[in-house]
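Chemist: Input file: start-v6.txt. Contents: compact mmCIF, C-alpha atoms.
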```txt
# COMPACT_ATOMS: atom_id res chain seq x y z
CA GLY P 1 65.66 104.95 -71.72
CA ALA P 2 67.11 101.61 -70.71
CA GLY P 3 70.50 100.74 -72.07
CA VAL P 4 72.10 97.40 -72.75
CA SER P 5 72.18 95.21 -69.68
CA GLN P 6 74.25 92.10 -68.99
CA SER P 7 74.13 89.49 -66.31
CA PRO P 8 75.78 88.38 -64.21
CA SER P 9 78.18 91.26 -63.68
CA ASN P 10 80.75 88.89 -62.24
CA LYS P 11 81.10 85.15 -62.57
CA VAL P 12 83.68 82.93 -60.95
CA THR P 13 83.68 79.34 -62.12
CA GLU P 14 85.86 76.29 -61.87
CA LYS P 15 87.76 75.02 -64.84
CA GLY P 16 85.68 72.53 -66.78
CA LYS P 17 82.28 73.97 -65.84
CA ASP P 18 79.86 75.49 -68.32
CA VAL P 19 78.79 79.13 -68.02
CA GLU P 20 76.00 81.14 -69.59
CA LEU P 21 76.18 84.89 -70.02
CA ARG P 22 73.14 86.99 -70.82
CA CYS P 23 72.63 90.19 -72.78
CA ASP P 24 69.50 92.32 -72.98
CA PRO P 25 69.89 94.79 -75.86
CA ILE P 26 68.15 98.09 -76.31
CA SER P 27 64.58 97.52 -77.41
CA GLY P 28 64.24 97.68 -81.19
CA HIS P 29 67.92 97.18 -81.92
CA THR P 30 68.20 94.47 -84.54
CA ALA P 31 71.97 94.08 -84.42
CA LEU P 32 73.77 92.52 -81.47
CA TYR P 33 77.46 91.87 -80.97
CA TRP P 34 79.49 89.92 -78.45
CA TYR P 35 83.09 90.87 -77.70
CA ARG P 36 85.77 89.60 -75.36
CA GLN P 37 88.27 91.88 -73.65
CA SER P 38 91.25 90.26 -72.03
CA LEU P 39 93.69 92.12 -69.80
CA GLY P 40 95.72 94.57 -71.86
CA GLN P 41 93.95 93.60 -75.07
CA GLY P 42 91.46 95.38 -77.24
CA LEU P 43 87.97 94.18 -77.87
CA GLU P 44 87.96 90.86 -79.69
CA PHE P 45 84.90 90.33 -81.88
CA LEU P 46 83.13 87.05 -81.18
CA ILE P 47 79.79 86.96 -82.99
CA TYR P 48 77.21 89.18 -84.69
CA PHE P 49 73.45 88.70 -84.73
CA GLN P 50 70.99 90.31 -87.08
CA GLY P 51 67.65 89.50 -85.59
CA ASN P 52 67.83 85.88 -84.47
CA SER P 53 70.35 84.76 -87.05
CA ALA P 54 74.12 84.95 -86.79
CA PRO P 55 75.60 85.74 -90.18
CA ASP P 56 79.05 86.19 -88.69
CA LYS P 57 80.35 83.73 -86.13
CA SER P 58 83.92 84.05 -87.29
CA GLY P 59 85.23 85.34 -83.99
CA LEU P 60 84.19 82.43 -81.80
CA PRO P 61 87.55 81.04 -80.62
CA SER P 62 86.55 77.38 -80.42
CA ASP P 63 83.56 75.05 -80.60
CA ARG P 64 83.25 75.40 -76.81
CA PHE P 65 81.73 78.82 -77.48
CA SER P 66 78.19 79.19 -78.76
CA ALA P 67 75.55 81.90 -78.74
CA GLU P 68 71.92 82.27 -79.52
CA ARG P 69 69.38 85.02 -79.71
CA THR P 70 65.68 84.59 -79.29
CA GLY P 71 62.77 86.82 -80.23
CA GLY P 72 65.19 89.27 -81.79
CA SER P 73 66.03 90.39 -78.29
CA VAL P 74 67.86 88.57 -75.48
CA SER P 75 71.07 86.78 -76.32
CA THR P 76 73.05 84.21 -74.38
CA LEU P 77 76.69 83.32 -74.81
CA THR P 78 77.56 79.85 -73.57
CA ILE P 79 81.05 78.64 -72.85
CA GLN P 80 81.35 74.91 -72.29
CA ARG P 81 84.14 73.23 -70.35
CA THR P 82 85.67 76.56 -69.38
CA GLN P 83 89.43 76.99 -69.43
CA GLN P 84 91.57 79.51 -67.58
CA GLU P 85 92.29 81.34 -70.83
CA ASP P 86 88.58 82.08 -71.09
CA SER P 87 88.93 84.53 -68.18
CA ALA P 88 88.06 87.96 -69.56
CA VAL P 89 85.38 90.61 -69.65
CA TYR P 90 82.62 89.69 -72.08
CA LEU P 91 80.90 92.71 -73.59
CA CYS P 92 77.65 92.88 -75.45
CA ALA P 93 76.64 95.74 -77.74
CA SER P 94 73.52 96.47 -79.74
CA SER P 95 72.82 98.83 -82.60
CA GLU P 96 70.07 99.76 -85.02
CA GLY P 97 71.89 97.95 -87.80
CA PRO P 98 75.22 96.62 -88.97
CA GLN P 99 78.32 98.13 -90.47
CA GLY P 100 78.50 101.64 -89.30
CA TYR P 101 75.72 102.20 -86.83
CA GLU P 102 76.74 103.35 -83.37
CA GLN P 103 77.08 100.45 -80.98
CA TYR P 104 75.72 100.79 -77.47
CA PHE P 105 77.68 98.73 -75.00
CA GLY P 106 76.61 96.98 -71.85
CA PRO P 107 78.63 96.97 -68.63
CA GLY P 108 80.13 93.56 -69.34
CA THR P 109 80.43 90.29 -67.47
CA ARG P 110 83.76 89.65 -65.79
CA LEU P 111 84.43 85.92 -66.03
CA THR P 112 87.10 84.34 -63.88
CA VAL P 113 87.95 80.68 -64.38
CA THR P 114 89.84 79.18 -61.46
CA ALA O 1 94.91 90.37 -91.77
CA GLN O 2 92.63 93.14 -90.63
CA SER O 3 94.01 95.04 -87.67
CA VAL O 4 93.94 98.34 -85.84
CA SER O 5 97.06 99.72 -84.16
CA GLN O 6 97.08 102.26 -81.38
CA HIS O 7 100.70 103.06 -80.75
CA ASN O 8 100.28 104.98 -77.51
CA HIS O 9 99.26 102.62 -74.74
CA HIS O 10 99.54 105.10 -71.87
CA VAL O 11 99.54 108.87 -72.12
CA ILE O 12 99.88 111.31 -69.23
CA LEU O 13 99.18 114.99 -69.81
CA SER O 14 98.63 118.07 -67.73
CA GLU O 15 95.39 119.98 -68.04
CA ALA O 16 95.30 122.36 -71.02
CA ALA O 17 97.87 120.31 -72.94
CA SER O 18 97.03 119.27 -76.47
CA LEU O 19 96.24 115.65 -77.23
CA GLU O 20 96.81 113.48 -80.25
CA LEU O 21 96.24 109.74 -80.14
CA GLY O 22 97.37 107.69 -83.09
CA CYS O 23 95.30 105.07 -84.88
CA ASN O 24 96.34 103.13 -87.97
CA TYR O 25 94.42 100.33 -89.58
CA SER O 26 95.19 97.57 -91.99
CA TYR O 27 92.40 96.77 -94.44
CA GLY O 28 92.26 96.86 -98.20
CA GLY O 29 88.70 97.99 -98.65
CA THR O 30 86.44 100.83 -97.59
CA VAL O 31 85.85 101.24 -93.88
CA ASN O 32 83.85 103.23 -91.42
CA LEU O 33 85.97 104.58 -88.56
CA PHE O 34 85.16 105.17 -84.93
CA TRP O 35 86.61 106.34 -81.66
CA TYR O 36 85.01 105.01 -78.51
CA VAL O 37 85.78 106.13 -74.98
CA GLN O 38 85.41 104.41 -71.62
CA TYR O 39 85.42 106.70 -68.61
CA PRO O 40 86.26 105.14 -65.25
CA GLY O 41 83.38 102.98 -64.07
CA GLN O 42 81.31 103.61 -67.17
CA HIS O 43 80.38 101.76 -70.36
CA LEU O 44 82.10 102.22 -73.67
CA GLN O 45 80.49 105.05 -75.58
CA LEU O 46 80.88 106.59 -79.00
CA LEU O 47 83.10 109.68 -79.23
CA LEU O 48 82.94 110.25 -82.97
CA LYS O 49 82.68 108.45 -86.29
CA TYR O 50 83.62 108.85 -89.95
CA PHE O 51 81.67 107.36 -92.82
CA SER O 52 82.39 109.60 -95.81
CA GLY O 53 82.77 113.20 -96.86
CA ASP O 54 84.83 115.70 -94.91
CA PRO O 55 87.77 113.75 -93.47
CA LEU O 56 87.85 116.00 -90.41
CA VAL O 57 85.08 114.94 -88.06
CA LYS O 58 84.04 116.51 -84.81
CA GLY O 59 82.68 114.61 -81.87
CA ILE O 60 81.52 115.22 -78.37
CA LYS O 61 83.43 117.16 -75.72
CA GLY O 62 85.63 119.03 -78.18
CA PHE O 63 87.26 115.97 -79.73
CA GLU O 64 87.98 115.70 -83.43
CA ALA O 65 89.63 113.16 -85.70
CA GLU O 66 91.11 113.31 -89.17
CA PHE O 67 90.92 110.46 -91.67
CA ILE O 68 93.98 110.33 -93.90
CA LYS O 69 93.24 107.62 -96.43
CA SER O 70 96.74 107.49 -97.87
CA LYS O 71 98.16 106.79 -94.43
CA PHE O 72 95.34 104.50 -93.26
CA SER O 73 95.14 106.70 -90.19
CA PHE O 74 92.40 108.17 -88.05
CA ASN O 75 94.09 110.13 -85.29
CA LEU O 76 92.14 111.63 -82.43
CA ARG O 77 92.86 115.18 -81.29
CA LYS O 78 91.81 117.68 -78.68
CA PRO O 79 93.40 121.12 -78.41
CA SER O 80 93.14 121.39 -74.62
CA VAL O 81 92.44 118.42 -72.38
CA GLN O 82 90.63 118.51 -69.07
CA TRP O 83 90.94 116.31 -66.00
CA SER O 84 87.56 114.82 -66.94
CA ASP O 85 89.05 113.44 -70.17
CA THR O 86 90.86 110.80 -68.14
CA ALA O 87 89.65 107.59 -69.75
CA GLU O 88 90.56 104.76 -72.09
CA TYR O 89 90.17 105.48 -75.80
CA PHE O 90 89.59 102.84 -78.45
CA CYS O 91 89.86 103.21 -82.19
CA ALA O 92 87.71 100.87 -84.31
CA VAL O 93 87.06 100.16 -87.95
CA SER O 94 84.08 98.54 -89.61
CA PRO O 95 84.49 97.34 -93.20
CA THR O 96 81.60 98.46 -95.34
CA SER O 97 81.24 95.07 -97.02
CA GLY O 98 82.27 91.48 -96.70
CA THR O 99 82.13 91.24 -92.94
CA TYR O 100 80.07 92.50 -90.04
CA LYS O 101 83.07 92.74 -87.74
CA TYR O 102 84.14 95.78 -85.90
CA ILE O 103 87.89 95.63 -85.33
CA PHE O 104 89.10 97.44 -82.25
CA GLY O 105 92.54 98.62 -81.26
CA THR O 106 94.05 97.73 -77.90
CA GLY O 107 93.19 101.10 -76.44
CA THR O 108 95.08 104.08 -75.04
CA ARG O 109 94.82 104.96 -71.38
CA LEU O 110 94.88 108.73 -70.95
CA LYS O 111 95.51 110.28 -67.58
CA VAL O 112 95.11 114.03 -67.24
CA LEU O 113 96.74 115.63 -64.24
CA ALA O 114 94.86 118.47 -62.61
```
Could you express the structure from this file as structure tokens?
Modeler:
Amino acid sequence: GAGVSQSPSNKVTEKGKDVELRCDPISGHTALYWYRQSLGQGLEFLIYFQGNSAPDKSGLPSDRFSAERTGGSVSTLTIQRTQQEDSAVYLCASSEGPQGYEQYFGPGTRLTVT
Amino acid sequence: AQSVSQHNHHVILSEAASLELGCNYSYGGTVNLFWYVQYPGQHLQLLLKYFSGDPLVKGIKGFEAEFIKSKFSFNLRKPSVQWSDTAEYFCAVSPTSGTYKYIFGTGTRLKVLA
């Protein structure tokens, strides 16, 4: 079956521009996670969705970062006024539920801010 | 603060050598434990997981891990590695309550020489 997909696969943007990253989870998965992976770093948790609500936004690094999920399916991560330190691979994962279910990861979006 | 430490950042082994990758976590409560693997050009995928019961868990491709609660460790082992095990390995913990976060280590890059 179809896995988690993310678009775009690569995004190059100028400092100060806004970007929107998209995640299509596996159909029926209620839980959705966003992570950021910077060079040489592990996966940094950003936000968790259960259905359309986000009970845990604790990982969002600043108010420039926001995310939403609609219809219990597609999610978008928006970064406003991008900075060079935002350059990273942004990974999305979905699972059948929280706290212990296997997460299925997408291929990621490589964001480069110039 | 919650954290996961993977002490080996790069490991190089010859085929048939034994493997042990260290993982220690810092968290005061009960956790679920995971090892994920990312093969070159592929998505992150689950290798094995521990929730409760027998602290020695077996995963795919001959991997196993042992949870030692007193040491807050969850080391990954394989008796005899193959060239196809070349990948990056990530340890992760998921607290069973209080947060929906998954906390990942920084990863260990394993290269197996044929």
Chemist: Distance limit 8 Å, atoms considered: all atoms listed in the file. Which chain O residues sit that close to chain P? Return them as a PyMOL selection string.
Modeler: chain O and resi 32+42-46+51+90+94-97+99-107
Chemist: What does the structure give for the distance between atom CA of Gly29 of chain O and atom CA of Gly51 of chain P, in Å to one decimal?
Modeler: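 If I compute the distance from atom CA of Gly29 of chain O to atom CA of Gly51 of chain P, I get 26.2 Å.
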Chemist: I'd like the interatomic distance between atom CA of Gln2 of chain O and atom CA of Lys69 of chain O, to a tenth of an Å.
Modeler: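 Rounded to one decimal, the two atoms are 15.6 Å apart.
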Chemist: For a test of reading the model, state the distance in Å between atom CA of Thr70 of chain P and atom CA of Leu32 of chain P, rounded to one decimal.
Modeler: 11.5 Å
Chemist: List as a ChimeraX atom specification the protein and nucleic acid residues near Leu76 of chain O, meaning an atom at most 9 Å away when all atoms listed in the file are counted, but skip any in the same chain fewer than 5 places from it.
Modeler: /O:19-23,35,63-66,91
Chemist: Which of these residues is nearest to Gly62 of chain O, using only C-alpha atoms: O:Leu33, O:Ser18, O:Leu13, O:Phe74?
Modeler: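 Distance minimum relative to Gly62 of chain O lands on O:Ser18.
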Chemist: Just checking: using all atoms listed in the file, which residue out of P:Ile79, P:Val89, P:Ala2, P:Leu60 ends up closest to Lys17 of chain P?
Modeler: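 Using all atoms listed in the file, Lys17 of chain P sits closest to P:Ile79.
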Chemist: Mind checking which residues fall within 7 Å of Ser14 of chain O, counting only C-alpha atoms, ignoring those fewer than 6 positions away in the same chain, and posting them as a ChimeraX atom specification?
Modeler: /O:112-114
Chemist: Can you pull out every residue within 7 Å of Asn24 of chain O, counting all atoms listed in the file, but drop anything in the same chain fewer than 4 positions away, and send it as a PyMOL selection string?
Modeler: chain O and resi 4-6+72-74
Chemist: Using all atoms listed in the file, pick whichever of O:Ser3, O:Thr30, O:Ser52, O:Gln38 has the shortest atom-to-atom distance to Ser84 of chain O.
Modeler: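 Going through O:Ser3, O:Thr30, O:Ser52, O:Gln38 one by one, the smallest distance to Ser84 of chain O is for O:Gln38.
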Chemist: Which residues, written as a PyMOL selection string, have at least one atom at most 6 Å from Tyr89 of chain O, with only C-alpha atoms counted and residues fewer than 4 positions away on the same chain left out?
Modeler: chain O and resi 36-37+107-108
Chemist: Can you list, as a PyMOL selection string, every protein, DNA or RNA residue that comes within 8 Å of Thr86 of chain O when you count all atoms listed in the file, leaving out same-chain residues fewer than 3 positions away?
Modeler: chain O and resi 39-40+82-83+109-112
Chemist: Which one of P:Lys11, P:Arg64, P:Arg69, P:Arg22 sits closest to Arg81 of chain P if you count all atoms listed in the file?
Modeler: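 Among P:Lys11, P:Arg64, P:Arg69, P:Arg22, it is P:Arg64 that comes nearest to Arg81 of chain P.
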